[in-house]
Amino acid sequence: MKKNLITKGLSLLTAAAMTFSLAACGGAGGAGSAQDSSGSAQDSSGSAQESAGGAQESAGGASSANSGTEGSVLNIWCWNDEFQGRFNDYYPEVKEVASDKSTTTLNDGTIVKWTINPNKDNNYQNKLDEALLGQENAAADDKIDIYLIEADYALKYVDSDYSMPIADLGITEADLSDQYQYTKDIASIGGVQKGTTWQATPGLFAYRRSIAKDVLGTDDPAEVQKALADWDKFNAVAEQAAAKGYKMLSGYDDSYRTFSNNVSSPWVDGSTIVVDPNIVKWIDQTKTYTDKGYNNKTTLWDDAWAADQGPKGKVFGFFYSTWGINFTLLGNSLETPEAEGGKAEAGNGIYGDYAVCQGPQPYYWGGTWICAATGTDNPATVKDIMLKLTCNKDIMKQITLDTQDYTNTMSGMKEIAGSDFKSDFLGGQNHIALFSEVAPTIDMSNAGPYDQGLNESIQTAFKDYYDGVVDMETAKKNFFTSAKEKYPDLTDIKWP
Amino acid sequence: MKEAVPKKSKAAVDYSKWGYIFIAPFFIAFLIFQLIPLVSTFYYSFFEYYRSGLKVVGPNFVGLQNFVELFNSDLLKYLGNTLILWIAGFLPQIVISLLLAAWFTDIRLKLKGQRFFKTVIYMPNLIMASAFSMLFFALFSDNGPVNSFLISSGITTEPIRFLSTVWGSRGLIALMNFLMWFGNTTILLMAAIMGINPSLFEAAELDGCTPRQVFFEVTLPLIRPILVYVFITSMIGGLQMFDVPQILTNGEGSPDRMSTTLIMFLNNHLFSKNYGMAGAVSVVLFIICAILCIVVYFSLNSDHGKKKGGR
């Protein structure tokens, strides 16, 4: 009887196995890769657990030194090493940094564990979502304590229960009074602020002094600004530059932010994508630039784009916000990269050949906010990090003086703007003065939770249009297809 | 024999349960890792189930709506892309492999350094597909080594933007698949050819066959079962094509989504956690694969029947 049952059960299974062994070849494609992707999402949490386990061991001895109820592991999630660098260099409690930089030990024995996932294609967001959704059930030392968010999707996290109001951590309005208002607005929902940042990110136009001299006869920022004051003048200079064999811009997306930040409404209204007339202006301008050879047909962040910023580049200038100048442009301008032993100083590549001016339209680009994850077991440490790294004027000023980043302290920036501070990289210009003029004009009221995905989709879809592979209608259709894939809740699209 | 006798006397003890125990691991693994995911994929394909930001929408039963939406989208375009990419890689692969296999096994040619070449042509298959396509991405980028070579040698003045044209990127994908798999196919076909009775070749030569006739009239018909096997495995691999185009085009299947394969399409939905649509794509893919497998299976069987009947 028993044997019979087993036999029957097994033969049923065998039948199933045979039926689906055909599927194993085909279906495995579907199911297999489905497992892959969920697997990779789990991967990160798995590895977080593993290393948290390791951290626990090593923290075992130190935990006695830990004050009261604070957890021994502080998990920080971010998408590049910018904040990690700031933290390791400027947070006063840092005791030592692991040689592979994966962890940082604080004076009280707390281990800071870094989880870095690249940003592109919503990758960081998807991984972070997965981890936040599992936050409740995670062990105390695996819970995310701090995660960073970017302006393009800040609202998604701010408007959720997964971020803590910073007032609950004990940070007061007085602590934040010296910060730029827009940096507080973007991380607020219904008047409750849920994130704070150490930087303000007004955008500028960084141009090559040598090329400006050749094209315009001057490299003085005030004069160059006059020549580039609006888009008509900008286009005229592009023509002059092209006549001398230069490219005005490097790629298709360089001017994108100057248009997308000056839109009249957010990307999405209900479930409808609303394409702003300003985005269409970007499309028209970029097509014209491409057809007339005013740009070099590169894409943001690709090697050709980076190379255009270097010694061999023939590009007039780049739209960059604060972080881009010290974090990206400086590195790209060197002949010998710092990793290969080059020094950031005049004589290495085109160090000193860039200067900045406001450009045709005010805009901002990026910006990183620090959020405390709901359920963190280290609230006191998180509070201290926020206070020291975003509200402490002395530390902030030091960051600016050392790295030329533009930090979120109005009075501090005014002091530097009025001082004889100058940037050697920008040929002795005090760019902080320029930034501090632009920063108060930043308006982030049209930012929304869909911005990153839609910005990337439209740039990808219209790259084909600029390349001449597809016509306008196909590009529009491809944009909508890709948007629907990324955000299944978007059902319509409205072009102006 | 001698030992078997005492065992037989104890035959009353039933050992058959061990058989079941030994095969159980496979069935348990199959159940957990294949059958359950497979059934749940079918199940979720009838649901609206995705994430909007951090809010989970669904699962709400929507019947066949996912499938309707799927067929209204570009599904057929991606199926076409997949087939074109596969054929573009498979045709040169099978031609070159046949040629190489024929040369390597030809007794009269006596090629030198066979071992060396056999190893070398197999090499690309040892590299991870993703690493291989990263390499190609770097080689053929707008300011990559291939372009700097073309410019410095005067073949072209402007860099050729391989990855910005439909046939540039498709061609590179096909080229990579070809490079990765022709060595493997060559070795399979060589094994098939060496399995043919040499007396058949001798007989053909005595009858005055030209080498070309020997190849088409003797070799090809006799290695047909292996050719069919190569065809099927390559087709299945082709339908599942993912890593090479995904990495070469940065996950975008660009330009104009013309190198987006079915699995990349599936991945797009999964990446945004749209389990309903991803389930529907998987089900369609499953049906396509099942049909192709059944067709091939029966055509193979009927071949055997004919052969037997012929003899």
# chains A, B, ... in the order shown; residues from 1 in each chain; ligands from 1
$ residues_around --residues "stretch 421-424 of chain A" --least-positions-apart "5" --cutoff "6 Å" --atoms "only C-alpha atoms" --output "list of chain:residue names"
A:Gly352, A:Gln429, A:Asn430
$ write_last_selection --atoms "N, CA and C atoms" --output "PDB file, in the first residue's frame"
ATOM      1  N   GLY A 352      43.566  74.013 -14.946  1.00  0.00           N
ATOM      2  CA  GLY A 352      43.728  75.460 -14.988  1.00  0.00           C
ATOM      3  C   GLY A 352      43.150  76.096 -16.236  1.00  0.00           C
ATOM      4  N   GLN A 429      39.875  81.413 -10.566  1.00  0.00           N
ATOM      5  CA  GLN A 429      38.550  82.012 -10.407  1.00  0.00           C
ATOM      6  C   GLN A 429      37.961  81.634  -9.046  1.00  0.00           C
ATOM      7  N   ASN A 430      37.196  82.549  -8.437  1.00  0.00           N
ATOM      8  CA  ASN A 430      36.466  82.218  -7.217  1.00  0.00           C
ATOM      9  C   ASN A 430      35.062  81.787  -7.635  1.00  0.00           C
TER      10      ASN A 430
END
$ select_by_dssp --residues "stretch 21-255 of chain B" --states "strand (DSSP E or B)" --output "PyMOL selection string"
chain B and resi 47-52+55-61
$ residues_around --residues "B:Thr249" --least-positions-apart "6" --cutoff "12 Å" --atoms "only C-alpha atoms" --output "mmCIF file with N, CA and C atoms, in the first residue's frame"
data_model
loop_
_atom_site.group_PDB
_atom_site.id
_atom_site.type_symbol
_atom_site.label_atom_id
_atom_site.label_comp_id
_atom_site.auth_asym_id
_atom_site.auth_seq_id
_atom_site.Cartn_x
_atom_site.Cartn_y
_atom_site.Cartn_z
ATOM 1 N N THR A 460 17.720 58.179 -23.965
ATOM 2 C CA THR A 460 18.030 56.990 -24.762
ATOM 3 C C THR A 460 17.212 56.967 -26.044
ATOM 4 N N SER B 130 29.594 37.816 -20.638
ATOM 5 C CA SER B 130 29.500 39.226 -20.269
ATOM 6 C C SER B 130 30.856 39.910 -20.400
ATOM 7 N N SER B 133 31.476 40.554 -24.021
ATOM 8 C CA SER B 133 30.795 41.685 -24.632
ATOM 9 C C SER B 133 31.257 43.017 -24.052
ATOM 10 N N MET B 134 31.739 43.022 -22.809
ATOM 11 C CA MET B 134 32.382 44.239 -22.307
ATOM 12 C C MET B 134 33.591 44.572 -23.179
ATOM 13 N N PHE B 136 34.104 43.759 -26.311
ATOM 14 C CA PHE B 136 33.678 44.274 -27.609
ATOM 15 C C PHE B 136 33.155 45.699 -27.488
ATOM 16 N N PHE B 137 32.465 45.958 -26.378
ATOM 17 C CA PHE B 137 31.937 47.302 -26.149
ATOM 18 C C PHE B 137 33.087 48.310 -26.134
ATOM 19 N N ALA B 138 34.156 47.932 -25.439
ATOM 20 C CA ALA B 138 35.301 48.840 -25.356
ATOM 21 C C ALA B 138 36.018 48.924 -26.707
ATOM 22 N N PHE B 140 34.897 48.481 -29.765
ATOM 23 C CA PHE B 140 34.171 49.114 -30.863
ATOM 24 C C PHE B 140 33.496 50.414 -30.455
ATOM 25 N N SER B 141 33.852 50.974 -29.296
ATOM 26 C CA SER B 141 33.233 52.238 -28.919
ATOM 27 C C SER B 141 33.756 53.340 -29.836
ATOM 28 N N PHE B 162 29.803 52.224 -34.597
ATOM 29 C CA PHE B 162 29.241 50.880 -34.754
ATOM 30 C C PHE B 162 27.946 50.695 -33.961
ATOM 31 N N LEU B 163 27.982 51.123 -32.700
ATOM 32 C CA LEU B 163 26.871 50.787 -31.815
ATOM 33 C C LEU B 163 25.685 51.715 -31.984
ATOM 34 N N SER B 164 25.795 52.701 -32.881
ATOM 35 C CA SER B 164 24.670 53.612 -33.078
ATOM 36 C C SER B 164 23.880 53.256 -34.322
ATOM 37 N N THR B 165 24.287 52.203 -35.035
ATOM 38 C CA THR B 165 23.513 51.787 -36.195
ATOM 39 C C THR B 165 22.934 50.410 -35.918
ATOM 40 N N VAL B 166 21.762 50.159 -36.509
ATOM 41 C CA VAL B 166 21.079 48.890 -36.249
ATOM 42 C C VAL B 166 21.964 47.718 -36.642
ATOM 43 N N GLY B 168 25.146 47.701 -37.251
ATOM 44 C CA GLY B 168 26.418 47.693 -36.529
ATOM 45 C C GLY B 168 26.291 46.890 -35.252
ATOM 46 N N SER B 169 25.269 47.215 -34.449
ATOM 47 C CA SER B 169 25.168 46.505 -33.174
ATOM 48 C C SER B 169 24.696 45.080 -33.377
ATOM 49 N N ARG B 170 23.755 44.869 -34.310
ATOM 50 C CA ARG B 170 23.331 43.493 -34.563
ATOM 51 C C ARG B 170 24.494 42.654 -35.080
ATOM 52 N N LEU B 172 27.656 43.067 -34.531
ATOM 53 C CA LEU B 172 28.614 42.752 -33.471
ATOM 54 C C LEU B 172 28.081 41.617 -32.595
ATOM 55 N N ILE B 173 26.775 41.642 -32.323
ATOM 56 C CA ILE B 173 26.196 40.580 -31.491
ATOM 57 C C ILE B 173 26.330 39.238 -32.207
ATOM 58 N N PHE B 242 20.688 36.676 -24.206
ATOM 59 C CA PHE B 242 20.464 37.775 -23.275
ATOM 60 C C PHE B 242 21.740 38.539 -22.950
ATOM 61 N N ASP B 243 22.717 37.840 -22.392
ATOM 62 C CA ASP B 243 23.850 38.569 -21.814
ATOM 63 C C ASP B 243 24.635 39.380 -22.834
ATOM 64 N N PRO B 255 20.183 50.445 -31.174
ATOM 65 C CA PRO B 255 19.288 51.575 -31.403
ATOM 66 C C PRO B 255 17.875 51.131 -31.803
ATOM 67 N N ASP B 256 16.928 51.983 -31.518
ATOM 68 C CA ASP B 256 15.528 51.762 -31.883
ATOM 69 C C ASP B 256 15.028 50.422 -31.364
ATOM 70 N N ARG B 257 15.528 49.958 -30.255
ATOM 71 C CA ARG B 257 15.127 48.691 -29.644
ATOM 72 C C ARG B 257 15.234 47.540 -30.626
ATOM 73 N N MET B 258 16.132 47.676 -31.618
ATOM 74 C CA MET B 258 16.248 46.661 -32.655
ATOM 75 C C MET B 258 17.151 45.511 -32.226
ATOM 76 N N SER B 259 17.898 45.659 -31.141
ATOM 77 C CA SER B 259 18.630 44.498 -30.648
ATOM 78 C C SER B 259 18.100 44.065 -29.298
ATOM 79 N N THR B 260 16.839 44.380 -29.042
ATOM 80 C CA THR B 260 16.201 43.890 -27.823
ATOM 81 C C THR B 260 15.690 42.476 -28.078
ATOM 82 N N THR B 261 16.198 41.527 -27.328
ATOM 83 C CA THR B 261 15.721 40.159 -27.507
ATOM 84 C C THR B 261 14.567 39.897 -26.542
ATOM 85 N N MET B 264 15.568 40.020 -22.990
ATOM 86 C CA MET B 264 15.825 41.380 -22.522
ATOM 87 C C MET B 264 14.509 42.087 -22.225
#
$ atom_distance --atom1 "atom CA of A:Glu173" --atom2 "atom CA of A:Ala439"
20.3 Å
$ select_by_dssp --residues "stretch 179-304 of chain A" --states "alpha helix (DSSP H)" --output "PyMOL selection string"
chain A and resi 181-185+209-216+221-227+231-243+256-260+277-292+303-304
$ write_last_selection --atoms "C-alpha atoms" --output "compact mmCIF listing (two decimals), in the first residue's frame"
# COMPACT_ATOMS: atom_id res chain seq x y z
CA GLN A 181 15.73 76.58 1.58
CA TYR A 182 15.43 74.50 -1.59
CA THR A 183 17.57 71.74 -0.10
CA LYS A 184 15.06 71.51 2.72
CA ASP A 185 12.02 71.74 0.44
CA ARG A 209 39.65 79.28 -21.44
CA SER A 210 41.93 78.57 -24.40
CA ILE A 211 39.02 77.82 -26.71
CA ALA A 212 37.05 80.85 -25.52
CA LYS A 213 40.07 83.04 -26.28
CA ASP A 214 40.30 81.61 -29.76
CA VAL A 215 36.59 81.89 -30.51
CA LEU A 216 35.52 84.98 -28.57
CA PRO A 221 34.13 84.90 -17.19
CA ALA A 222 32.12 88.12 -17.23
CA GLU A 223 32.74 88.67 -20.95
CA VAL A 224 32.08 85.03 -21.82
CA GLN A 225 28.86 85.15 -19.82
CA LYS A 226 27.75 88.15 -21.88
CA ALA A 227 28.35 86.16 -25.05
CA TRP A 231 20.07 80.55 -26.03
CA ASP A 232 20.19 82.67 -29.19
CA LYS A 233 23.60 84.01 -28.23
CA PHE A 234 24.66 80.53 -27.18
CA ASN A 235 23.71 79.16 -30.60
CA ALA A 236 25.58 81.98 -32.31
CA VAL A 237 28.74 81.14 -30.38
CA ALA A 238 28.23 77.49 -31.30
CA GLU A 239 28.33 78.49 -34.95
CA GLN A 240 31.51 80.54 -34.48
CA ALA A 241 33.11 77.68 -32.58
CA ALA A 242 32.19 75.21 -35.31
CA ALA A 243 33.75 77.51 -37.91
CA TYR A 256 19.41 68.51 -21.05
CA ARG A 257 19.30 69.71 -17.45
CA THR A 258 19.16 73.36 -18.39
CA PHE A 259 15.91 72.59 -20.19
CA SER A 260 14.45 69.94 -17.91
CA PRO A 277 7.46 72.23 -24.22
CA ASN A 278 10.92 72.88 -22.79
CA ILE A 279 11.87 69.23 -23.33
CA VAL A 280 10.80 69.59 -26.95
CA LYS A 281 13.06 72.64 -27.20
CA TRP A 282 15.92 70.44 -26.03
CA ILE A 283 15.05 67.90 -28.71
CA ASP A 284 14.97 70.53 -31.44
CA GLN A 285 18.15 72.22 -30.31
CA THR A 286 20.06 68.97 -30.00
CA LYS A 287 18.92 67.79 -33.42
CA THR A 288 20.09 71.07 -34.94
CA TYR A 289 23.42 70.87 -33.13
CA THR A 290 23.90 67.31 -34.30
CA ASP A 291 23.03 68.01 -37.92
CA LYS A 292 25.27 71.07 -38.03
CA ASP A 303 34.38 57.31 -22.47
CA ALA A 304 34.15 59.61 -25.45
$ interface_residues --of "chain B" --to "chain A" --cutoff "8 Å" --atoms "only C-alpha atoms" --output "short mmCIF file (atom, residue, chain, number, x, y, z; two decimals) with C-alpha atoms, in the first residue's frame"
data_model
loop_
_atom_site.label_atom_id
_atom_site.label_comp_id
_atom_site.auth_asym_id
_atom_site.auth_seq_id
_atom_site.Cartn_x
_atom_site.Cartn_y
_atom_site.Cartn_z
CA PHE B 27 12.57 15.17 -7.89
CA PHE B 30 12.93 19.70 -9.60
CA GLN B 34 11.47 24.22 -11.48
CA LEU B 35 7.90 23.07 -11.07
CA PRO B 37 8.36 28.56 -10.07
CA LEU B 38 6.92 27.42 -13.38
CA THR B 41 4.80 32.06 -13.33
CA TYR B 50 3.76 45.43 -9.79
CA SER B 52 4.89 51.70 -8.00
CA GLY B 53 7.66 53.33 -6.07
CA LEU B 54 7.56 51.60 -2.72
CA ASP B 142 33.37 55.56 -30.76
CA ASN B 143 36.88 56.30 -29.56
CA SER B 164 24.67 53.61 -33.08
CA THR B 165 23.51 51.79 -36.19
CA VAL B 166 21.08 48.89 -36.25
CA ILE B 236 17.34 27.12 -27.78
CA LEU B 239 15.92 32.11 -28.04
CA GLN B 240 17.50 32.65 -24.66
CA GLU B 252 18.87 49.33 -23.79
CA SER B 254 19.50 50.20 -28.83
CA PRO B 255 19.29 51.57 -31.40
CA ASP B 256 15.53 51.76 -31.88
CA ARG B 257 15.13 48.69 -29.64
CA ILE B 263 14.66 37.77 -22.67
CA LEU B 266 11.36 40.03 -20.02
CA ASN B 267 14.19 41.49 -17.99
CA ASN B 268 12.87 45.02 -18.52
CA HIS B 269 9.59 44.02 -16.90
CA LEU B 270 11.26 42.13 -14.11
CA PHE B 271 13.60 44.99 -13.41
CA SER B 272 10.67 47.23 -12.63
CA ASN B 274 6.17 44.00 -12.90
CA VAL B 281 6.13 37.17 -21.40
CA SER B 282 7.51 34.00 -19.84
CA VAL B 283 4.37 32.05 -20.66
CA LEU B 285 8.14 32.27 -24.46
CA PHE B 286 7.37 28.89 -22.92
CA CYS B 289 9.75 26.96 -27.07
CA ALA B 290 7.35 24.09 -26.51
CA CYS B 293 10.68 21.55 -29.43
#
$ residues_around --residues "stretch 199-211 of chain B" --least-positions-apart "5" --cutoff "12 Å" --atoms "only C-alpha atoms" --output "NGL selection string"
:B and (102-103 or 105-109 or 193-194 or 216-219 or 222)
$ closest_residue --among "A:Phe435, A:Phe318, A:Tyr354, A:Trp198" --to "A:Arg86" --atoms "only C-alpha atoms"
A:Trp198
$ residues_around --residues "B:Pro221" --least-positions-apart "4" --cutoff "12 Å" --atoms "only C-alpha atoms" --output "short mmCIF file (atom, residue, chain, number, x, y, z; two decimals) with N, CA and C atoms, in the first residue's frame"
data_model
loop_
_atom_site.label_atom_id
_atom_site.label_comp_id
_atom_site.auth_asym_id
_atom_site.auth_seq_id
_atom_site.Cartn_x
_atom_site.Cartn_y
_atom_site.Cartn_z
N ALA B 192 31.40 13.73 -35.14
CA ALA B 192 30.41 13.06 -35.98
C ALA B 192 31.08 12.47 -37.22
N ILE B 193 31.95 13.28 -37.85
CA ILE B 193 32.58 12.81 -39.10
C ILE B 193 33.51 11.63 -38.83
N ILE B 196 32.07 8.18 -38.82
CA ILE B 196 31.64 7.53 -40.06
C ILE B 196 32.65 6.44 -40.43
N GLN B 213 32.01 15.98 -53.96
CA GLN B 213 30.94 14.98 -53.94
C GLN B 213 30.97 14.16 -52.66
N VAL B 214 32.20 13.83 -52.24
CA VAL B 214 32.32 13.06 -51.00
C VAL B 214 31.65 13.82 -49.86
N PHE B 215 31.94 15.15 -49.80
CA PHE B 215 31.40 15.94 -48.71
C PHE B 215 29.87 15.99 -48.76
N PHE B 216 29.35 16.30 -49.96
CA PHE B 216 27.89 16.51 -50.02
C PHE B 216 27.10 15.21 -50.05
N GLU B 217 27.70 14.15 -50.67
CA GLU B 217 26.92 12.92 -50.85
C GLU B 217 27.16 11.90 -49.72
N PRO B 225 22.13 13.47 -37.96
CA PRO B 225 21.60 13.51 -36.59
C PRO B 225 22.34 14.54 -35.72
N ILE B 226 23.65 14.59 -35.86
CA ILE B 226 24.41 15.56 -35.07
C ILE B 226 24.10 16.98 -35.53
N LEU B 227 23.93 17.15 -36.85
CA LEU B 227 23.57 18.48 -37.35
C LEU B 227 22.26 18.94 -36.73
N VAL B 228 21.30 18.02 -36.66
CA VAL B 228 20.00 18.38 -36.07
C VAL B 228 20.19 18.75 -34.60
N ASP B 303 12.16 10.96 -39.12
CA ASP B 303 13.38 10.65 -39.85
C ASP B 303 13.83 9.23 -39.59
N LYS B 307 14.32 6.06 -42.22
CA LYS B 307 15.58 5.33 -42.41
C LYS B 307 15.35 3.83 -42.28
#
$ residues_around --residues "B:Pro145" --least-positions-apart "6" --cutoff "12 Å" --atoms "only C-alpha atoms" --output "PDB file with C-alpha atoms, in the first residue's frame"
ATOM      1  CA  LEU B 135      35.533  43.694 -24.356  1.00  0.00           C
ATOM      2  CA  PHE B 136      33.678  44.274 -27.609  1.00  0.00           C
ATOM      3  CA  PHE B 137      31.937  47.302 -26.149  1.00  0.00           C
ATOM      4  CA  ALA B 138      35.301  48.840 -25.356  1.00  0.00           C
ATOM      5  CA  LEU B 139      36.922  47.744 -28.637  1.00  0.00           C
ATOM      6  CA  ILE B 151      41.532  56.342 -38.593  1.00  0.00           C
ATOM      7  CA  SER B 152      45.296  56.053 -38.247  1.00  0.00           C
ATOM      8  CA  SER B 153      45.467  53.614 -41.148  1.00  0.00           C
ATOM      9  CA  PRO B 159      35.118  57.325 -36.360  1.00  0.00           C
ATOM     10  CA  ILE B 160      32.579  54.676 -37.371  1.00  0.00           C
TER      11      ILE B 160
END
$ closest_residue --among "B:Gly171, B:Gly183, B:Gly89, B:Gly19" --to "B:Val120" --atoms "only C-alpha atoms"
B:Gly183
$ atom_distance --atom1 "atom CA of B:Ser45" --atom2 "atom CA of A:Asp492"
22.6 Å
$ closest_residue --among "B:Met180, B:Ile287, B:Ala174, B:Ile23" --to "B:Leu83" --atoms "only C-alpha atoms"
B:Ala174
$ residues_around --residues "B:Gly276" --least-positions-apart "6" --cutoff "8 Å" --atoms "only C-alpha atoms" --output "list in words"
Tyr44, Ser45, Phe46, Phe47, Glu48, Tyr49, Tyr50 and Asn66 of chain B
$ write_last_selection --atoms "N, CA and C atoms" --output "mmCIF file, in the first residue's frame"
data_model
loop_
_atom_site.group_PDB
_atom_site.id
_atom_site.type_symbol
_atom_site.label_atom_id
_atom_site.label_comp_id
_atom_site.auth_asym_id
_atom_site.auth_seq_id
_atom_site.Cartn_x
_atom_site.Cartn_y
_atom_site.Cartn_z
ATOM 1 N N TYR B 44 0.834 33.962 -11.961
ATOM 2 C CA TYR B 44 0.926 35.417 -11.872
ATOM 3 C C TYR B 44 0.688 36.112 -13.201
ATOM 4 N N SER B 45 0.778 35.351 -14.308
ATOM 5 C CA SER B 45 0.585 36.001 -15.599
ATOM 6 C C SER B 45 -0.860 36.473 -15.758
ATOM 7 N N PHE B 46 -1.758 36.013 -14.900
ATOM 8 C CA PHE B 46 -3.153 36.461 -14.979
ATOM 9 C C PHE B 46 -3.454 37.566 -13.974
ATOM 10 N N PHE B 47 -2.407 38.122 -13.374
ATOM 11 C CA PHE B 47 -2.624 39.115 -12.332
ATOM 12 C C PHE B 47 -1.971 40.443 -12.671
ATOM 13 N N GLU B 48 -2.566 41.507 -12.159
ATOM 14 C CA GLU B 48 -1.895 42.798 -12.185
ATOM 15 C C GLU B 48 -1.089 42.862 -10.898
ATOM 16 N N TYR B 49 0.215 42.905 -11.027
ATOM 17 C CA TYR B 49 1.044 42.775 -9.835
ATOM 18 C C TYR B 49 2.363 43.493 -10.081
ATOM 19 N N TYR B 50 2.506 44.709 -9.583
ATOM 20 C CA TYR B 50 3.756 45.430 -9.787
ATOM 21 C C TYR B 50 3.995 46.380 -8.631
ATOM 22 N N ASN B 66 -3.074 40.950 -19.400
ATOM 23 C CA ASN B 66 -1.628 41.044 -19.610
ATOM 24 C C ASN B 66 -1.249 40.559 -20.998
#
